[in-house]
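Content type mmCIF, C-alpha atoms, from the file run-v5.cif:
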data_upload
#
loop_
_atom_site.group_PDB
_atom_site.id
_atom_site.type_symbol
_atom_site.label_atom_id
_atom_site.label_comp_id
_atom_site.auth_asym_id
_atom_site.auth_seq_id
_atom_site.Cartn_x
_atom_site.Cartn_y
_atom_site.Cartn_z
ATOM 1 C CA MET A 1150 -2.213 23.583 8.207
ATOM 2 C CA LYS A 1151 -0.786 22.721 4.818
ATOM 3 C CA PHE A 1152 -1.250 19.358 3.117
ATOM 4 C CA ALA A 1153 0.674 17.894 0.172
ATOM 5 C CA VAL A 1154 -1.046 15.500 -2.235
ATOM 6 C CA ILE A 1155 1.702 13.510 -3.949
ATOM 7 C CA VAL A 1156 0.968 12.853 -7.619
ATOM 8 C CA PHE A 1157 2.591 9.919 -9.431
ATOM 9 C CA PRO A 1158 2.057 9.091 -13.088
ATOM 10 C CA GLY A 1159 -1.111 6.992 -12.841
ATOM 11 C CA SER A 1160 -2.498 8.453 -9.610
ATOM 12 C CA ASN A 1161 -6.239 8.973 -10.063
ATOM 13 C CA CYS A 1162 -7.631 9.858 -6.631
ATOM 14 C CA ASP A 1163 -5.462 12.940 -6.259
ATOM 15 C CA ILE A 1164 -8.253 15.330 -7.249
ATOM 16 C CA ASP A 1165 -10.688 13.793 -4.740
ATOM 17 C CA MET A 1166 -8.028 14.071 -2.052
ATOM 18 C CA TYR A 1167 -7.355 17.723 -2.930
ATOM 19 C CA HIS A 1168 -11.083 18.477 -2.941
ATOM 20 C CA ALA A 1169 -11.571 16.792 0.435
ATOM 21 C CA ILE A 1170 -8.941 18.986 2.081
ATOM 22 C CA LYS A 1171 -9.639 22.246 0.293
ATOM 23 C CA ASP A 1172 -13.431 22.279 0.094
ATOM 24 C CA GLU A 1173 -14.607 19.960 2.859
ATOM 25 C CA ILE A 1174 -11.969 20.475 5.554
ATOM 26 C CA GLY A 1175 -10.985 24.005 4.554
ATOM 27 C CA GLU A 1176 -7.225 23.697 4.940
ATOM 28 C CA GLU A 1177 -4.418 24.566 2.546
ATOM 29 C CA VAL A 1178 -3.418 21.880 0.071
ATOM 30 C CA GLU A 1179 -1.114 21.604 -2.931
ATOM 31 C CA TYR A 1180 -0.341 18.938 -5.505
ATOM 32 C CA VAL A 1181 3.286 17.781 -5.391
ATOM 33 C CA TRP A 1182 4.753 15.952 -8.398
ATOM 34 C CA HIS A 1183 6.660 12.694 -7.844
ATOM 35 C CA ASP A 1184 10.040 14.225 -8.741
ATOM 36 C CA ALA A 1185 9.870 16.928 -6.039
ATOM 37 C CA ASP A 1186 12.851 16.972 -3.721
ATOM 38 C CA ASN A 1187 11.545 19.006 -0.828
ATOM 39 C CA LEU A 1188 8.489 18.600 1.414
ATOM 40 C CA GLU A 1189 9.684 20.922 4.180
ATOM 41 C CA ASN A 1190 6.806 23.352 3.606
ATOM 42 C CA TYR A 1191 4.086 20.799 4.271
ATOM 43 C CA ASP A 1192 2.625 19.701 7.580
ATOM 44 C CA ALA A 1193 1.047 16.477 6.330
ATOM 45 C CA ILE A 1194 1.613 14.206 3.336
ATOM 46 C CA LEU A 1195 -1.179 12.416 1.460
ATOM 47 C CA LEU A 1196 -0.468 9.557 -0.958
ATOM 48 C CA PRO A 1197 -3.593 9.114 -3.089
ATOM 49 C CA GLY A 1198 -5.057 6.053 -4.757
ATOM 50 C CA GLY A 1199 -4.713 5.067 -8.373
ATOM 51 C CA PHE A 1200 -2.391 2.952 -10.429
ATOM 52 C CA SER A 1201 1.026 4.557 -10.096
ATOM 53 C CA TYR A 1202 3.251 3.447 -12.975
ATOM 54 C CA GLY A 1203 0.438 1.230 -14.217
ATOM 55 C CA ASP A 1204 0.944 -1.156 -11.270
ATOM 56 C CA TYR A 1205 3.900 -2.535 -13.241
ATOM 57 C CA LEU A 1206 5.880 -5.239 -11.438
ATOM 58 C CA ARG A 1207 3.794 -4.881 -8.245
ATOM 59 C CA SER A 1208 1.438 -2.167 -6.998
ATOM 60 C CA GLY A 1209 3.562 0.641 -5.610
ATOM 61 C CA ALA A 1210 6.876 -1.051 -6.406
ATOM 62 C CA ILE A 1211 8.046 1.539 -8.923
ATOM 63 C CA ALA A 1212 6.574 4.597 -7.180
ATOM 64 C CA ARG A 1213 8.531 3.614 -4.104
ATOM 65 C CA PHE A 1214 11.773 4.592 -5.896
ATOM 66 C CA SER A 1215 10.538 7.957 -7.148
ATOM 67 C CA ASN A 1216 12.427 10.995 -5.982
ATOM 68 C CA VAL A 1217 9.756 12.352 -3.674
ATOM 69 C CA MET A 1218 9.640 9.159 -1.601
ATOM 70 C CA LYS A 1219 12.978 9.990 0.041
ATOM 71 C CA GLU A 1220 11.283 13.143 1.298
ATOM 72 C CA VAL A 1221 8.172 11.239 2.362
ATOM 73 C CA VAL A 1222 10.381 8.950 4.461
ATOM 74 C CA LYS A 1223 12.053 12.022 5.954
ATOM 75 C CA ALA A 1224 8.657 13.573 6.759
ATOM 76 C CA ALA A 1225 7.564 10.323 8.409
ATOM 77 C CA GLU A 1226 10.734 10.251 10.484
ATOM 78 C CA GLN A 1227 10.063 13.834 11.565
ATOM 79 C CA GLY A 1228 6.703 12.672 12.880
ATOM 80 C CA LYS A 1229 4.538 14.442 10.301
ATOM 81 C CA PRO A 1230 1.248 12.734 9.475
ATOM 82 C CA VAL A 1231 1.615 10.558 6.362
ATOM 83 C CA LEU A 1232 -1.587 9.009 4.988
ATOM 84 C CA GLY A 1233 -1.587 6.495 2.142
ATOM 85 C CA VAL A 1234 -4.934 5.460 0.692
ATOM 86 C CA CYS A 1235 -5.335 2.416 -1.569
ATOM 87 C CA ASN A 1236 -2.386 2.645 -3.975
ATOM 88 C CA GLY A 1237 -0.859 5.061 -1.462
ATOM 89 C CA PHE A 1238 -1.047 2.266 1.145
ATOM 90 C CA GLN A 1239 0.629 -0.106 -1.313
ATOM 91 C CA VAL A 1240 3.422 2.444 -1.867
ATOM 92 C CA LEU A 1241 3.935 2.775 1.916
ATOM 93 C CA LEU A 1242 4.231 -1.022 2.220
ATOM 94 C CA GLU A 1243 6.748 -1.230 -0.623
ATOM 95 C CA THR A 1244 8.698 1.638 0.925
ATOM 96 C CA GLY A 1245 8.848 -0.188 4.238
ATOM 97 C CA LEU A 1246 7.207 2.647 6.182
ATOM 98 C CA LEU A 1247 4.529 0.097 7.069
ATOM 99 C CA PRO A 1248 5.038 -3.664 7.563
ATOM 100 C CA GLY A 1249 3.541 -6.376 5.359
ATOM 101 C CA ALA A 1250 2.558 -6.636 1.708
ATOM 102 C CA MET A 1251 -0.496 -6.708 -0.561
ATOM 103 C CA ARG A 1252 -1.749 -9.728 -2.462
ATOM 104 C CA ARG A 1253 -4.472 -9.835 -5.069
ATOM 105 C CA ASN A 1254 -7.997 -10.025 -3.653
ATOM 106 C CA ASP A 1255 -8.840 -13.643 -2.862
ATOM 107 C CA SER A 1256 -11.769 -13.433 -5.322
ATOM 108 C CA LEU A 1257 -9.347 -12.131 -8.008
ATOM 109 C CA LYS A 1258 -11.969 -9.453 -8.673
ATOM 110 C CA PHE A 1259 -11.653 -5.697 -8.563
ATOM 111 C CA ILE A 1260 -14.171 -4.666 -5.889
ATOM 112 C CA CYS A 1261 -15.804 -1.246 -5.886
ATOM 113 C CA LYS A 1262 -18.426 -0.674 -3.184
ATOM 114 C CA THR A 1263 -19.060 1.020 0.138
ATOM 115 C CA VAL A 1264 -18.259 -1.214 3.109
ATOM 116 C CA PRO A 1265 -18.590 -0.853 6.874
ATOM 117 C CA LEU A 1266 -15.332 -0.452 8.814
ATOM 118 C CA THR A 1267 -14.743 -0.776 12.539
ATOM 119 C CA VAL A 1268 -12.529 1.810 14.214
ATOM 120 C CA GLU A 1269 -10.173 -0.427 16.195
ATOM 121 C CA ASN A 1270 -7.961 2.326 17.566
ATOM 122 C CA ASN A 1271 -9.269 5.846 18.062
ATOM 123 C CA GLU A 1272 -6.133 7.038 19.824
ATOM 124 C CA THR A 1273 -4.172 7.949 16.707
ATOM 125 C CA MET A 1274 -3.719 11.330 15.047
ATOM 126 C CA PHE A 1275 -5.918 10.014 12.232
ATOM 127 C CA THR A 1276 -8.784 8.586 14.269
ATOM 128 C CA ASN A 1277 -9.148 10.751 17.402
ATOM 129 C CA GLY A 1278 -12.479 12.119 16.114
ATOM 130 C CA TYR A 1279 -14.076 8.670 16.116
ATOM 131 C CA GLU A 1280 -15.144 6.546 19.042
ATOM 132 C CA LYS A 1281 -13.536 3.144 19.498
ATOM 133 C CA ASN A 1282 -15.624 0.479 17.742
ATOM 134 C CA ASP A 1283 -17.481 3.089 15.686
ATOM 135 C CA VAL A 1284 -18.753 1.522 12.474
ATOM 136 C CA ILE A 1285 -18.240 3.853 9.518
ATOM 137 C CA GLN A 1286 -19.211 3.590 5.855
ATOM 138 C CA ILE A 1287 -16.259 4.076 3.497
ATOM 139 C CA PRO A 1288 -15.931 3.026 -0.158
ATOM 140 C CA ILE A 1289 -13.316 0.554 -1.316
ATOM 141 C CA ALA A 1290 -12.091 0.233 -4.899
ATOM 142 C CA HIS A 1291 -9.212 -2.179 -5.383
ATOM 143 C CA GLY A 1292 -8.037 -5.409 -6.926
ATOM 144 C CA GLU A 1293 -5.057 -5.837 -4.612
ATOM 145 C CA GLY A 1294 -6.110 -5.113 -1.066
ATOM 146 C CA ASN A 1295 -5.519 -8.514 0.438
ATOM 147 C CA TYR A 1296 -3.184 -7.465 3.236
ATOM 148 C CA PHE A 1297 -0.637 -10.005 4.405
ATOM 149 C CA CYS A 1298 2.001 -10.111 7.102
ATOM 150 C CA ASP A 1299 3.727 -12.959 8.921
ATOM 151 C CA GLU A 1300 2.610 -14.064 12.378
ATOM 152 C CA GLU A 1301 5.471 -12.339 14.124
ATOM 153 C CA THR A 1302 4.527 -9.004 12.525
ATOM 154 C CA MET A 1303 0.883 -9.592 13.426
ATOM 155 C CA ILE A 1304 1.816 -9.964 17.081
ATOM 156 C CA THR A 1305 3.654 -6.628 17.057
ATOM 157 C CA LEU A 1306 0.784 -4.943 15.169
ATOM 158 C CA LYS A 1307 -1.585 -6.030 17.927
ATOM 159 C CA GLU A 1308 0.761 -5.268 20.808
ATOM 160 C CA ASN A 1309 1.352 -1.723 19.557
ATOM 161 C CA HIS A 1310 -2.309 -1.130 18.650
ATOM 162 C CA GLN A 1311 -1.302 -0.510 15.036
ATOM 163 C CA ILE A 1312 -4.514 -1.910 13.570
ATOM 164 C CA ALA A 1313 -6.595 1.223 12.944
ATOM 165 C CA PHE A 1314 -9.490 -0.151 10.868
ATOM 166 C CA THR A 1315 -10.932 -3.598 10.173
ATOM 167 C CA TYR A 1316 -13.725 -4.724 7.835
ATOM 168 C CA THR A 1317 -16.842 -5.064 9.978
ATOM 169 C CA ASP A 1318 -19.076 -7.659 8.351
ATOM 170 C CA GLU A 1319 -17.589 -9.613 5.529
ATOM 171 C CA ASN A 1320 -13.988 -9.343 4.539
ATOM 172 C CA PRO A 1321 -14.059 -8.192 0.901
ATOM 173 C CA ASN A 1322 -10.510 -9.176 -0.058
ATOM 174 C CA GLY A 1323 -9.189 -11.902 2.256
ATOM 175 C CA SER A 1324 -6.836 -9.695 4.299
ATOM 176 C CA VAL A 1325 -5.367 -11.239 7.439
ATOM 177 C CA GLU A 1326 -7.393 -10.479 10.597
ATOM 178 C CA ASN A 1327 -9.825 -8.444 8.416
ATOM 179 C CA ILE A 1328 -7.318 -5.604 8.322
ATOM 180 C CA ALA A 1329 -8.403 -2.517 6.369
ATOM 181 C CA GLY A 1330 -5.826 -0.034 7.698
ATOM 182 C CA ILE A 1331 -2.708 -0.002 9.882
ATOM 183 C CA THR A 1332 -0.361 2.582 11.342
ATOM 184 C CA ASN A 1333 3.364 2.429 11.943
ATOM 185 C CA LYS A 1334 4.619 1.935 15.463
ATOM 186 C CA ALA A 1335 4.996 5.682 16.071
ATOM 187 C CA GLY A 1336 1.402 6.191 14.895
ATOM 188 C CA ASN A 1337 2.089 8.976 12.394
ATOM 189 C CA VAL A 1338 1.904 6.861 9.233
ATOM 190 C CA LEU A 1339 -1.473 5.367 8.286
ATOM 191 C CA GLY A 1340 -2.139 3.127 5.305
ATOM 192 C CA MET A 1341 -5.681 2.068 4.454
ATOM 193 C CA MET A 1342 -7.361 0.454 1.457
ATOM 194 C CA PRO A 1343 -10.768 2.210 1.872
ATOM 195 C CA HIS A 1344 -11.104 5.757 0.526
ATOM 196 C CA PRO A 1345 -12.044 8.328 3.213
ATOM 197 C CA GLU A 1346 -11.679 11.101 0.601
ATOM 198 C CA ARG A 1347 -14.653 9.581 -1.239
ATOM 199 C CA ALA A 1348 -16.815 9.731 1.896
ATOM 200 C CA MET A 1349 -16.980 13.486 2.471
ATOM 201 C CA ASP A 1350 -20.601 14.288 1.615
ATOM 202 C CA THR A 1351 -23.896 12.555 2.408
ATOM 203 C CA LEU A 1352 -25.082 13.523 -1.070
ATOM 204 C CA LEU A 1353 -22.505 11.051 -2.379
ATOM 205 C CA GLY A 1354 -23.392 8.310 0.096
ATOM 206 C CA SER A 1355 -21.382 8.987 3.238
ATOM 207 C CA GLU A 1356 -19.482 11.664 5.095
ATOM 208 C CA ASP A 1357 -17.842 9.266 7.516
ATOM 209 C CA GLY A 1358 -14.423 10.024 6.045
ATOM 210 C CA LYS A 1359 -14.515 13.644 7.229
ATOM 211 C CA LYS A 1360 -13.566 12.826 10.804
ATOM 212 C CA LEU A 1361 -10.342 11.229 9.639
ATOM 213 C CA PHE A 1362 -9.072 14.459 8.100
ATOM 214 C CA GLN A 1363 -10.539 16.519 10.934
ATOM 215 C CA SER A 1364 -8.601 14.318 13.352
ATOM 216 C CA ILE A 1365 -5.336 15.135 11.573
ATOM 217 C CA VAL A 1366 -6.070 18.860 11.720
ATOM 218 C CA LYS A 1367 -7.159 18.732 15.374
ATOM 219 C CA HIS A 1368 -4.003 16.845 16.368
ATOM 220 C CA TRP A 1369 -1.812 19.287 14.472
ATOM 221 C CA ARG A 1370 -3.512 22.352 16.011
ATOM 222 C CA GLU A 1371 -3.114 20.988 19.514
ATOM 223 C CA LYS A 1372 0.560 20.397 18.860
ATOM 224 C CA HIS A 1373 1.497 23.497 16.894
ATOM 225 C CA VAL A 1374 -0.939 26.321 17.588
ATOM 226 C CA VAL A 1375 -0.731 28.142 20.894
ATOM 227 C CA ASN A 1376 -4.111 28.558 22.609
ATOM 228 C CA ALA A 1377 -5.729 26.140 20.185
ATOM 229 C CA MET B 514 27.732 -10.603 -21.373
ATOM 230 C CA TYR B 515 25.545 -12.167 -18.740
ATOM 231 C CA LYS B 516 22.060 -13.473 -19.380
ATOM 232 C CA VAL B 517 20.123 -13.638 -16.129
ATOM 233 C CA LYS B 518 16.852 -15.513 -15.728
ATOM 234 C CA VAL B 519 14.845 -14.565 -12.664
ATOM 235 C CA TYR B 520 11.922 -16.656 -11.378
ATOM 236 C CA ILE B 521 9.568 -15.138 -8.815
ATOM 237 C CA THR B 522 6.777 -17.014 -7.038
ATOM 238 C CA LEU B 523 4.607 -16.358 -4.026
ATOM 239 C CA ARG B 524 6.127 -17.874 -0.895
ATOM 240 C CA GLU B 525 4.891 -21.329 0.067
ATOM 241 C CA SER B 526 3.184 -19.905 3.154
ATOM 242 C CA VAL B 527 1.229 -17.376 1.075
ATOM 243 C CA LEU B 528 -2.020 -18.453 -0.533
ATOM 244 C CA ASP B 529 -1.888 -17.997 -4.316
ATOM 245 C CA PRO B 530 -5.442 -17.194 -5.485
ATOM 246 C CA GLN B 531 -4.440 -17.180 -9.160
ATOM 247 C CA GLY B 532 -2.781 -20.564 -8.799
ATOM 248 C CA SER B 533 -5.907 -21.990 -7.109
ATOM 249 C CA VAL B 534 -8.138 -20.815 -9.938
ATOM 250 C CA VAL B 535 -5.798 -22.186 -12.607
ATOM 251 C CA LYS B 536 -5.742 -25.522 -10.761
ATOM 252 C CA GLN B 537 -9.556 -25.594 -10.716
ATOM 253 C CA ALA B 538 -9.620 -24.868 -14.434
ATOM 254 C CA LEU B 539 -7.175 -27.708 -15.110
ATOM 255 C CA HIS B 540 -9.337 -30.004 -12.965
ATOM 256 C CA SER B 541 -12.403 -29.035 -14.991
ATOM 257 C CA MET B 542 -10.491 -30.173 -18.094
ATOM 258 C CA GLU B 543 -9.070 -33.662 -18.204
ATOM 259 C CA PHE B 544 -6.134 -32.878 -15.868
ATOM 260 C CA LYS B 545 -7.665 -33.975 -12.577
ATOM 261 C CA HIS B 546 -4.369 -35.235 -11.197
ATOM 262 C CA VAL B 547 -2.839 -31.739 -10.869
ATOM 263 C CA GLU B 548 -2.060 -31.293 -7.184
ATOM 264 C CA ASP B 549 -0.887 -27.714 -7.037
ATOM 265 C CA VAL B 550 -0.339 -24.684 -9.272
ATOM 266 C CA ARG B 551 1.716 -21.626 -8.362
ATOM 267 C CA VAL B 552 1.618 -18.655 -10.716
ATOM 268 C CA GLY B 553 4.772 -16.586 -10.828
ATOM 269 C CA LYS B 554 6.803 -14.166 -12.894
ATOM 270 C CA TYR B 555 9.749 -14.709 -15.165
ATOM 271 C CA MET B 556 12.231 -12.007 -16.123
ATOM 272 C CA GLU B 557 15.282 -11.936 -18.358
ATOM 273 C CA LEU B 558 18.032 -9.444 -17.672
ATOM 274 C CA THR B 559 21.104 -8.738 -19.757
ATOM 275 C CA LEU B 560 24.216 -7.385 -18.045
ATOM 276 C CA PRO B 561 27.573 -6.545 -19.589
ATOM 277 C CA SER B 562 30.436 -8.890 -18.797
ATOM 278 C CA THR B 563 32.261 -5.998 -17.163
ATOM 279 C CA VAL B 564 29.957 -6.212 -14.138
ATOM 280 C CA GLU B 565 31.879 -7.263 -11.067
ATOM 281 C CA ASN B 566 30.195 -9.486 -8.503
ATOM 282 C CA VAL B 567 27.381 -10.334 -10.856
ATOM 283 C CA GLU B 568 25.780 -12.719 -8.392
ATOM 284 C CA ALA B 569 25.705 -10.152 -5.584
ATOM 285 C CA THR B 570 24.338 -7.564 -8.016
ATOM 286 C CA VAL B 571 21.514 -9.830 -9.155
ATOM 287 C CA GLU B 572 20.774 -10.795 -5.567
ATOM 288 C CA GLU B 573 20.452 -7.137 -4.588
ATOM 289 C CA MET B 574 18.228 -6.323 -7.560
ATOM 290 C CA CYS B 575 15.917 -9.207 -6.676
ATOM 291 C CA HIS B 576 15.802 -8.330 -3.014
ATOM 292 C CA ARG B 577 15.249 -4.606 -3.409
ATOM 293 C CA LEU B 578 12.982 -4.376 -6.437
ATOM 294 C CA LEU B 579 12.215 -7.420 -8.571
ATOM 295 C CA ALA B 580 10.635 -9.438 -5.757
ATOM 296 C CA ASN B 581 8.904 -8.420 -2.542
ATOM 297 C CA PRO B 582 10.529 -10.732 0.036
ATOM 298 C CA VAL B 583 7.545 -10.323 2.385
ATOM 299 C CA ILE B 584 5.384 -12.469 0.109
ATOM 300 C CA GLU B 585 7.626 -13.671 -2.723
ATOM 301 C CA ASP B 586 10.512 -16.102 -3.214
ATOM 302 C CA TYR B 587 12.979 -15.714 -6.028
ATOM 303 C CA ARG B 588 15.679 -17.714 -7.685
ATOM 304 C CA TYR B 589 17.873 -16.933 -10.638
ATOM 305 C CA GLU B 590 20.205 -18.470 -13.164
ATOM 306 C CA ILE B 591 23.203 -16.566 -14.481
ATOM 307 C CA GLU B 592 24.667 -17.597 -17.829
ATOM 308 C CA GLU B 593 27.775 -16.048 -19.254
ATOM 309 C CA SER B 594 27.676 -15.916 -23.024
ATOM 310 C CA VAL B 595 30.703 -15.001 -25.095
ATOM 311 C CA ALA B 596 30.064 -12.817 -28.125
ATOM 312 C CA GLN B 597 30.973 -14.608 -31.337
#
This entry written out as structure tokens:
Amino acid sequence: MKFAVIVFPGSNCDIDMYHAIKDEIGEEVEYVWHDADNLENYDAILLPGGFSYGDYLRSGAIARFSNVMKEVVKAAEQGKPVLGVCNGFQVLLETGLLPGAMRRNDSLKFICKTVPLTVENNETMFTNGYEKNDVIQIPIAHGEGNYFCDEETMITLKENHQIAFTYTDENPNGSVENIAGITNKAGNVLGMMPHPERAMDTLLGSEDGKKLFQSIVKHWREKHVVNA
Amino acid sequence: MYKVKVYITLRESVLDPQGSVVKQALHSMEFKHVEDVRVGKYMELTLPSTVENVEATVEEMCHRLLANPVIEDYRYEIEESVAQ
């Protein structure tokens, strides 16, 4: 399986993402620059965290119009797994691949710490390796992770089981319904503020993020490899 | 040419944490009567007078990029200035 890590000017979690796939999961992975115009060769697309375009205007607002995003939308429409973490989540919201928007954290502070998350839906291609209601330890690092959507959207998120992860104990940023990560309706696009790529090794605090990437690989193998 | 002033604020239904903090700061000074503060953005755009449908153009720019309609409201003023 071959992953693409999209790199925007200002991305800064791209190397962690690459390392997670290459060294911890053991699958193929390549960096893809934001002006690329073809993602046909990749089986899954990863949008890493960081501060694309310096967070000018709004987080993700400028990256959303970069050339590669047309291809990311195409990949999403083809049903390929598309994962956006932190700034990647913000880009997916601005692009409209996921509903809602990000506000500044209600504390107005940039928060960097490991927090417990509850797996709300383990029947997605990103979460099939977890059990429902598993509590996992994943680091967050953001100043704008206060997820918002209107009530109508919230009803559809719940009806379609699009809420993948919630904050377990305290809500660090004020997001509606303690949301930490959501999928699109089809379930092949996941956006999450916490960083699974930073939770790949117990030596560094947690390896609870591994199952997320393993889930993607497992789902892909079952779908694409005969006699998997 | 056209001078366009764009004002962007968080929608009324969206809590504005920056505005709340600024209000508290004003209250801690002598301005205790301040009832509400909303922090927003202000932008100035210059367009040539050859632009057709300037209002529709500005509307589209606001809707697609300058504001995020999920959480933000926008309004704009368009002034036509004649070069001297």
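Using all atoms listed in the file, the nearest neighbour of Ser1201 of chain A within the list A:Ala1225, A:Leu1339, A:Leu1246, A:Val1156 is A:Val1156.
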### Message
Starting from the PyMOL selection byres ((chain A and resi 1210-1223) around 6), expand the selection into actual residues of this file and give them as a VMD selection string.
### Response
chain A and resid 1183 to 1186 1207 to 1209 1224 to 1226 1240 1243 to 1244
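With distances taken over all atoms listed in the file, A:Ala1193 is the one residue among A:Thr1305, A:Ala1193, A:Tyr1316, A:Pro1343 lying closest to Gly1228 of chain A.
Summary of the local environment: counting only C-alpha atoms, residues at most 7 Å from Ile591 of chain B, other than itself and those fewer than 4 positions away along its chain, are B:Tyr515, B:Lys516, B:Val517, B:Lys518.
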Using all atoms listed in the file, tabulate the residues of chain B lying at most 7 Å from any atom of chain A, each with its closest atom pair and that distance in Å to one decimal, by chain and increasing residue number, as a tab-separated table.
residue	atom	partner	partner_atom	distance
B:Pro530	CA	A:Asp1255	CA	5.6
B:Leu578	CA	A:Ala1210	CA	7.0
B:Val583	CA	A:Ala1250	CA	6.2
B:Ile584	CA	A:Ala1250	CA	6.7
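The space separating atom CA of Glu1272 of chain A from atom CA of Leu1241 of chain A comes to 21.0 Å.
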### Message
What would the selection look like, as a PyMOL selection string, if the PyMOL selection byres ((chain B and resi 526) around 10) were run on the coordinates I just shared?
### Response
(chain A and resi 1299) or (chain B and resi 523-525+527-529+584-585)
### Query
Applied to the shown file, which residues does the PyMOL selection byres ((chain B and resi 542-551) around 10) return, written as a PyMOL selection string?
chain B and resi 522-525+528-541+552-553
### Query
Counting all atoms listed in the file, what is within 12 Å of Lys1372 of chain A, bar same-chain residues fewer than 5 positions away, as a VMD selection string?
chain A and resid 1150 1192 1228 to 1229 1274 1365 to 1367 1377
### Task
State, in Å with one decimal place, the distance from atom CA of Thr559 of chain B to atom CA of Cys575 of chain B.
14.1 Å
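Omitting Gln1286 of chain A and its sequence neighbours fewer than 5 positions away, and counting only C-alpha atoms, the residues within 10 Å are A:Thr1263, A:Val1264, A:Pro1265, A:Leu1266, A:Thr1267, A:Thr1317, A:Pro1343, A:His1344, A:Pro1345, A:Ala1348, A:Gly1354, A:Ser1355, A:Glu1356, A:Asp1357, A:Gly1358.
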### Task
In Å, rounded to a single decimal, give me how far atom CA of Asp1163 of chain A is from atom CA of Gly1323 of chain A.
26.5 Å
### Task
Please tell me which residues are no farther than 12 Å from (-19.3, -2.4, -6.8) in the file, counting all atoms listed in the file, and write them as a PyMOL selection string.
chain A and resi 1258-1264+1288-1292+1321
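Using only C-alpha atoms, the contacts of Ile521 of chain B at a cut-off of 6 Å, with sequence neighbours closer than 6 positions omitted, comprise Gly553, Lys554, Asp586 and Tyr587 of chain B.
Closest approach to Thr1351 of chain A among A:Asp1172, A:Glu1319, A:Ile1287, A:Val1234 is made by A:Ile1287 (distances from all atoms listed in the file).
A search radius of 12 Å centred on (29.5, -14.2, -10.8), applied to all atoms listed in the file, returns the residues Met514, Tyr515, Lys516, Val517, Leu560, Pro561, Ser562, Thr563, Val564, Glu565, Asn566, Val567, Glu568, Ala569, Thr570, Val571, Glu572, Tyr589, Glu590, Ile591, Glu592 and Glu593 of chain B.
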